[in-house]
Amino acid sequence: MKFLVTGGAGFIGSHLVRRLSSRGPVTVLDDLSSGKRENLDGLACTLLQGSILDSAPLAEACSGITHVFHLAALVSVPESVASPARCHEINVEGTRRVLAAATQAGAQRLVLASSCAVYGDEPAMPKTETSPTAPASPYAESKLAGEKLCAQSPLPAVALRFFNVYGPGQDPRGPYAAAVPRFLEAARAGTPLTIFGKGHQTRDFVYVDDVTAALEHAAFGPSLSGVYNVASGRSVSVLRLAEIVLTLTGLRSEIRHAPARAGDILHSSASIEKIRATGWNPSFDLATGLQKILAAG
Ligand code: NAD
């Protein structure tokens, strides 16, 4: 067996590379647009620096591959709004090319990183895989289009809809950084934890090791098909997350409220029964996952 992780130098990708490297040789194809070479320091893998849109590095990366984990993407929702054509090119055309190259190379299975963003802000909760989709950004639309490409592919391909993934190595910087790394950084620095709006908005935070276990399960476990939610199955409010961060760190930063951000989804809650029925279960609750990040330093 030989594995390709596109986007393997990114946050989730580098955790996946660590997990896969005990199973067999891992190739990473990453253009390092948001990922970092340092994320792969000490990991047994071959990094090919290049874009999934370029046929030569893609063909090289797919040579002899048995399983493909397609994580490379333009991941920023605001960036997708600013550059919808670029988002479509990387996330839709890129996925089409990765599927074609993997099929051509004789790969056995492909797993696509999709997103809960495909559900949009429809009020019905929890989201099951049969809930209506209502993509509210070019990013969400591109993920839905990627799922459809997987469904039409001759190569067995499954899409996992990740909810809010958190874990060590996640970037706390940038105006749209995820809440967990932002809150942890603020608590450690003794600066206020900023919540946009009242903090009553809910999210399902899923620990990165559970996500990489789901990717591994989808590639090597029972033959999955279609789309599956990957989440903890428990949503918490952003205000509660901030309180848990302060309790666990024992630090005394204040919680400050900034104006709500336009376009932020109000509630997000996942049903994980479909993937549970195939044998995958999350292992980490929020407090345990946060403690693991704190222990990682
Ligand atoms: P990330 O930005 O850390 O990783 C994405 C990686 O893809 C980066 O290393 C980047 O350099 C690479 N990349 C981008 N364009 C590329 C291209 N054209 N060719 C080759 N490589 C390219 O983001 P992440 O959080 O690790 O996300 C990984 C995947 O999971 C993405 O597909 C994302 O949409 C999906 N996802 C993430 C979350 C989350 O909470 N982090 C939630 C839902 C879905």
# chains A, B, ... in the order shown; residues from 1 in each chain; ligands from 1
>>> residues_near_ligand(ligand="ligand 1", cutoff="6 Å", atoms="only C-alpha atoms and all ligand atoms", output="count of residues only")
32
>>> closest_atom_pairs(of="stretch 105-124 of chain A", to="stretch 143-150 of chain A", cutoff="12 Å", atoms="only C-alpha atoms", output="Markdown table")
| residue | atom | partner | partner_atom | distance |
| --- | --- | --- | --- | --- |
| A:Arg109 | CA | A:Cys150 | CA | 10.4 |
| A:Leu110 | CA | A:Cys150 | CA | 8.3 |
| A:Val111 | CA | A:Cys150 | CA | 8.7 |
| A:Leu112 | CA | A:Glu147 | CA | 7.5 |
| A:Ala113 | CA | A:Lys143 | CA | 8.3 |
| A:Ser114 | CA | A:Lys143 | CA | 5.5 |
| A:Ser115 | CA | A:Lys143 | CA | 6.6 |
| A:Cys116 | CA | A:Lys143 | CA | 9.2 |
| A:Ala117 | CA | A:Lys143 | CA | 8.1 |
| A:Val118 | CA | A:Leu144 | CA | 6.0 |
| A:Tyr119 | CA | A:Leu144 | CA | 9.4 |
| A:Gly120 | CA | A:Leu144 | CA | 11.1 |
>>> residues_around(residues="stretch 77-88 of chain A", least_positions_apart="6", cutoff="8 Å", atoms="only C-alpha atoms", output="PyMOL selection string")
chain A and resi 137-140+142
>>> write_last_selection(atoms="all heavy atoms", output="PDB file, in the first residue's frame")
ATOM      1  N   SER A 137     -21.727  30.055   0.458  1.00  0.00           N
ATOM      2  CA  SER A 137     -20.483  30.719   0.025  1.00  0.00           C
ATOM      3  C   SER A 137     -19.908  29.910  -1.135  1.00  0.00           C
ATOM      4  O   SER A 137     -20.225  28.721  -1.284  1.00  0.00           O
ATOM      5  CB  SER A 137     -19.458  30.735   1.161  1.00  0.00           C
ATOM      6  OG  SER A 137     -19.065  29.412   1.459  1.00  0.00           O
ATOM      7  N   PRO A 138     -19.037  30.521  -1.928  1.00  0.00           N
ATOM      8  CA  PRO A 138     -18.367  29.740  -2.980  1.00  0.00           C
ATOM      9  C   PRO A 138     -17.605  28.541  -2.394  1.00  0.00           C
ATOM     10  O   PRO A 138     -17.556  27.477  -3.004  1.00  0.00           O
ATOM     11  CB  PRO A 138     -17.417  30.763  -3.614  1.00  0.00           C
ATOM     12  CG  PRO A 138     -18.084  32.080  -3.364  1.00  0.00           C
ATOM     13  CD  PRO A 138     -18.730  31.954  -2.008  1.00  0.00           C
ATOM     14  N   TYR A 139     -17.057  28.716  -1.180  1.00  0.00           N
ATOM     15  CA  TYR A 139     -16.354  27.589  -0.542  1.00  0.00           C
ATOM     16  C   TYR A 139     -17.318  26.421  -0.343  1.00  0.00           C
ATOM     17  O   TYR A 139     -17.024  25.277  -0.723  1.00  0.00           O
ATOM     18  CB  TYR A 139     -15.767  28.035   0.806  1.00  0.00           C
ATOM     19  CG  TYR A 139     -15.255  26.888   1.651  1.00  0.00           C
ATOM     20  CD1 TYR A 139     -14.028  26.280   1.364  1.00  0.00           C
ATOM     21  CD2 TYR A 139     -15.992  26.388   2.734  1.00  0.00           C
ATOM     22  CE1 TYR A 139     -13.569  25.210   2.129  1.00  0.00           C
ATOM     23  CE2 TYR A 139     -15.536  25.324   3.499  1.00  0.00           C
ATOM     24  CZ  TYR A 139     -14.319  24.740   3.196  1.00  0.00           C
ATOM     25  OH  TYR A 139     -13.867  23.681   3.950  1.00  0.00           O
ATOM     26  N   ALA A 140     -18.488  26.709   0.244  1.00  0.00           N
ATOM     27  CA  ALA A 140     -19.465  25.642   0.514  1.00  0.00           C
ATOM     28  C   ALA A 140     -19.942  25.015  -0.797  1.00  0.00           C
ATOM     29  O   ALA A 140     -20.069  23.784  -0.897  1.00  0.00           O
ATOM     30  CB  ALA A 140     -20.640  26.214   1.306  1.00  0.00           C
ATOM     31  N   SER A 142     -18.290  24.801  -3.524  1.00  0.00           N
ATOM     32  CA  SER A 142     -17.209  24.003  -4.119  1.00  0.00           C
ATOM     33  C   SER A 142     -17.086  22.647  -3.424  1.00  0.00           C
ATOM     34  O   SER A 142     -16.764  21.642  -4.054  1.00  0.00           O
ATOM     35  CB  SER A 142     -15.872  24.763  -4.057  1.00  0.00           C
ATOM     36  OG  SER A 142     -15.363  24.802  -2.734  1.00  0.00           O
TER      37      SER A 142
END
>>> residues_around(residues="A:Cys45", least_positions_apart="6", cutoff="9 Å", atoms="only C-alpha atoms", output="list of chain:residue names")
A:Val17, A:Arg18, A:Ser21, A:Pro25, A:Val26, A:Thr27, A:Val28
>>> write_last_selection(atoms="all heavy atoms", output="PDB file, in the first residue's frame")
ATOM      1  N   VAL A  17      -0.746  12.498   8.096  1.00  0.00           N
ATOM      2  CA  VAL A  17       0.527  11.909   7.663  1.00  0.00           C
ATOM      3  C   VAL A  17       1.161  11.143   8.832  1.00  0.00           C
ATOM      4  O   VAL A  17       1.639  10.017   8.673  1.00  0.00           O
ATOM      5  CB  VAL A  17       1.483  12.996   7.124  1.00  0.00           C
ATOM      6  CG1 VAL A  17       2.882  12.432   6.906  1.00  0.00           C
ATOM      7  CG2 VAL A  17       0.935  13.593   5.827  1.00  0.00           C
ATOM      8  N   ARG A  18       1.115  11.737  10.026  1.00  0.00           N
ATOM      9  CA  ARG A  18       1.692  11.061  11.198  1.00  0.00           C
ATOM     10  C   ARG A  18       1.002   9.714  11.400  1.00  0.00           C
ATOM     11  O   ARG A  18       1.644   8.692  11.616  1.00  0.00           O
ATOM     12  CB  ARG A  18       1.546  11.940  12.438  1.00  0.00           C
ATOM     13  CG  ARG A  18       2.063  11.263  13.707  1.00  0.00           C
ATOM     14  CD  ARG A  18       2.091  12.170  14.914  1.00  0.00           C
ATOM     15  NE  ARG A  18       3.042  13.250  14.776  1.00  0.00           N
ATOM     16  CZ  ARG A  18       2.707  14.525  14.574  1.00  0.00           C
ATOM     17  NH1 ARG A  18       1.449  14.863  14.508  1.00  0.00           N
ATOM     18  NH2 ARG A  18       3.621  15.458  14.453  1.00  0.00           N
ATOM     19  N   SER A  21       1.844   7.104   8.473  1.00  0.00           N
ATOM     20  CA  SER A  21       3.221   6.702   8.179  1.00  0.00           C
ATOM     21  C   SER A  21       3.577   5.362   8.825  1.00  0.00           C
ATOM     22  O   SER A  21       4.520   4.705   8.394  1.00  0.00           O
ATOM     23  CB  SER A  21       4.212   7.800   8.569  1.00  0.00           C
ATOM     24  OG  SER A  21       3.997   8.159   9.889  1.00  0.00           O
ATOM     25  N   PRO A  25       4.364   3.809   2.978  1.00  0.00           N
ATOM     26  CA  PRO A  25       4.941   5.051   2.474  1.00  0.00           C
ATOM     27  C   PRO A  25       3.881   6.104   2.155  1.00  0.00           C
ATOM     28  O   PRO A  25       2.825   5.784   1.619  1.00  0.00           O
ATOM     29  CB  PRO A  25       5.677   4.633   1.203  1.00  0.00           C
ATOM     30  CG  PRO A  25       5.488   3.184   1.041  1.00  0.00           C
ATOM     31  CD  PRO A  25       4.598   2.652   2.117  1.00  0.00           C
ATOM     32  N   VAL A  26       4.180   7.350   2.528  1.00  0.00           N
ATOM     33  CA  VAL A  26       3.237   8.455   2.336  1.00  0.00           C
ATOM     34  C   VAL A  26       3.885   9.526   1.462  1.00  0.00           C
ATOM     35  O   VAL A  26       4.999   9.972   1.733  1.00  0.00           O
ATOM     36  CB  VAL A  26       2.851   9.114   3.683  1.00  0.00           C
ATOM     37  CG1 VAL A  26       1.794  10.212   3.457  1.00  0.00           C
ATOM     38  CG2 VAL A  26       2.338   8.085   4.682  1.00  0.00           C
ATOM     39  N   THR A  27       3.173   9.925   0.402  1.00  0.00           N
ATOM     40  CA  THR A  27       3.597  11.071  -0.398  1.00  0.00           C
ATOM     41  C   THR A  27       2.647  12.219  -0.098  1.00  0.00           C
ATOM     42  O   THR A  27       1.441  12.019   0.029  1.00  0.00           O
ATOM     43  CB  THR A  27       3.518  10.735  -1.907  1.00  0.00           C
ATOM     44  OG1 THR A  27       4.399   9.654  -2.168  1.00  0.00           O
ATOM     45  CG2 THR A  27       3.912  11.927  -2.765  1.00  0.00           C
ATOM     46  N   VAL A  28       3.210  13.423   0.035  1.00  0.00           N
ATOM     47  CA  VAL A  28       2.409  14.630   0.243  1.00  0.00           C
ATOM     48  C   VAL A  28       2.550  15.499  -0.994  1.00  0.00           C
ATOM     49  O   VAL A  28       3.668  15.759  -1.450  1.00  0.00           O
ATOM     50  CB  VAL A  28       2.914  15.405   1.488  1.00  0.00           C
ATOM     51  CG1 VAL A  28       2.300  16.811   1.553  1.00  0.00           C
ATOM     52  CG2 VAL A  28       2.604  14.627   2.765  1.00  0.00           C
TER      53      VAL A  28
END
>>> residues_around(residues="A:Ala258", least_positions_apart="3", cutoff="12 Å", atoms="only C-alpha atoms", output="list in words")
Pro192, Leu193, Thr194, Ile195, Phe196, Gly197, Lys198, Gly199, Ile255 and Arg261 of chain A
>>> write_last_selection(atoms="C-alpha atoms", output="PDB file, in the first residue's frame")
ATOM      1  CA  PRO A 192      -9.294  39.121  26.339  1.00  0.00           C
ATOM      2  CA  LEU A 193     -11.055  36.225  24.631  1.00  0.00           C
ATOM      3  CA  THR A 194     -13.075  37.947  21.896  1.00  0.00           C
ATOM      4  CA  ILE A 195     -16.473  36.519  21.039  1.00  0.00           C
ATOM      5  CA  PHE A 196     -18.361  37.842  18.013  1.00  0.00           C
ATOM      6  CA  GLY A 197     -21.916  38.516  19.155  1.00  0.00           C
ATOM      7  CA  LYS A 198     -23.376  37.118  22.373  1.00  0.00           C
ATOM      8  CA  GLY A 199     -21.649  33.764  22.002  1.00  0.00           C
ATOM      9  CA  ILE A 255     -14.359  37.457  27.872  1.00  0.00           C
ATOM     10  CA  ARG A 261     -19.973  38.946  12.026  1.00  0.00           C
TER      11      ARG A 261
END
>>> closest_residue(among="A:Thr133, A:Thr212, A:Thr128, A:Ser253", to="A:Gly233", atoms="only C-alpha atoms")
A:Thr128
>>> closest_atom_pairs(of="stretch 124-222 of chain A", to="stretch 287-291 of chain A", cutoff="10 Å", atoms="only C-alpha atoms", output="CSV")
residue,atom,partner,partner_atom,distance
A:Tyr166,CA,A:Gly289,CA,8.1
A:Gly167,CA,A:Gly289,CA,7.0
A:Pro168,CA,A:Leu290,CA,8.9
A:Val180,CA,A:Leu290,CA,8.4
A:Pro181,CA,A:Leu290,CA,9.7
A:Leu184,CA,A:Leu290,CA,8.9
A:Phe205,CA,A:Gly289,CA,9.4
A:Val206,CA,A:Gly289,CA,8.4
A:Tyr207,CA,A:Gly289,CA,5.8
A:Val208,CA,A:Gly289,CA,8.5
A:Asp209,CA,A:Gly289,CA,9.0
A:Asp210,CA,A:Gly289,CA,9.8
>>> write_last_selection(atoms="C-alpha atoms", output="mmCIF file, in the first residue's frame")
data_model
loop_
_atom_site.group_PDB
_atom_site.id
_atom_site.type_symbol
_atom_site.label_atom_id
_atom_site.label_comp_id
_atom_site.auth_asym_id
_atom_site.auth_seq_id
_atom_site.Cartn_x
_atom_site.Cartn_y
_atom_site.Cartn_z
ATOM 1 C CA TYR A 166 -9.446 21.600 16.408
ATOM 2 C CA GLY A 167 -6.129 20.320 17.688
ATOM 3 C CA PRO A 168 -2.422 21.050 18.102
ATOM 4 C CA VAL A 180 -10.248 27.196 19.712
ATOM 5 C CA PRO A 181 -6.695 28.338 18.797
ATOM 6 C CA LEU A 184 -6.140 29.386 23.764
ATOM 7 C CA PHE A 205 -15.898 20.887 17.796
ATOM 8 C CA VAL A 206 -14.240 17.626 16.766
ATOM 9 C CA TYR A 207 -10.699 16.739 17.802
ATOM 10 C CA VAL A 208 -8.216 16.305 14.956
ATOM 11 C CA ASP A 209 -7.212 12.745 15.991
ATOM 12 C CA ASP A 210 -10.860 11.706 15.666
#
>>> select_by_dssp(residues="stretch 11-252 of chain A", states="strand (DSSP E or B)", output="count of residues only")
46
>>> select_by_dssp(residues="stretch 52-181 of chain A", states="helix (DSSP H, G or I)", output="number ranges by chain")
A: 55-62, 77-82, 84-104, 116-119, 138-152, 179-181
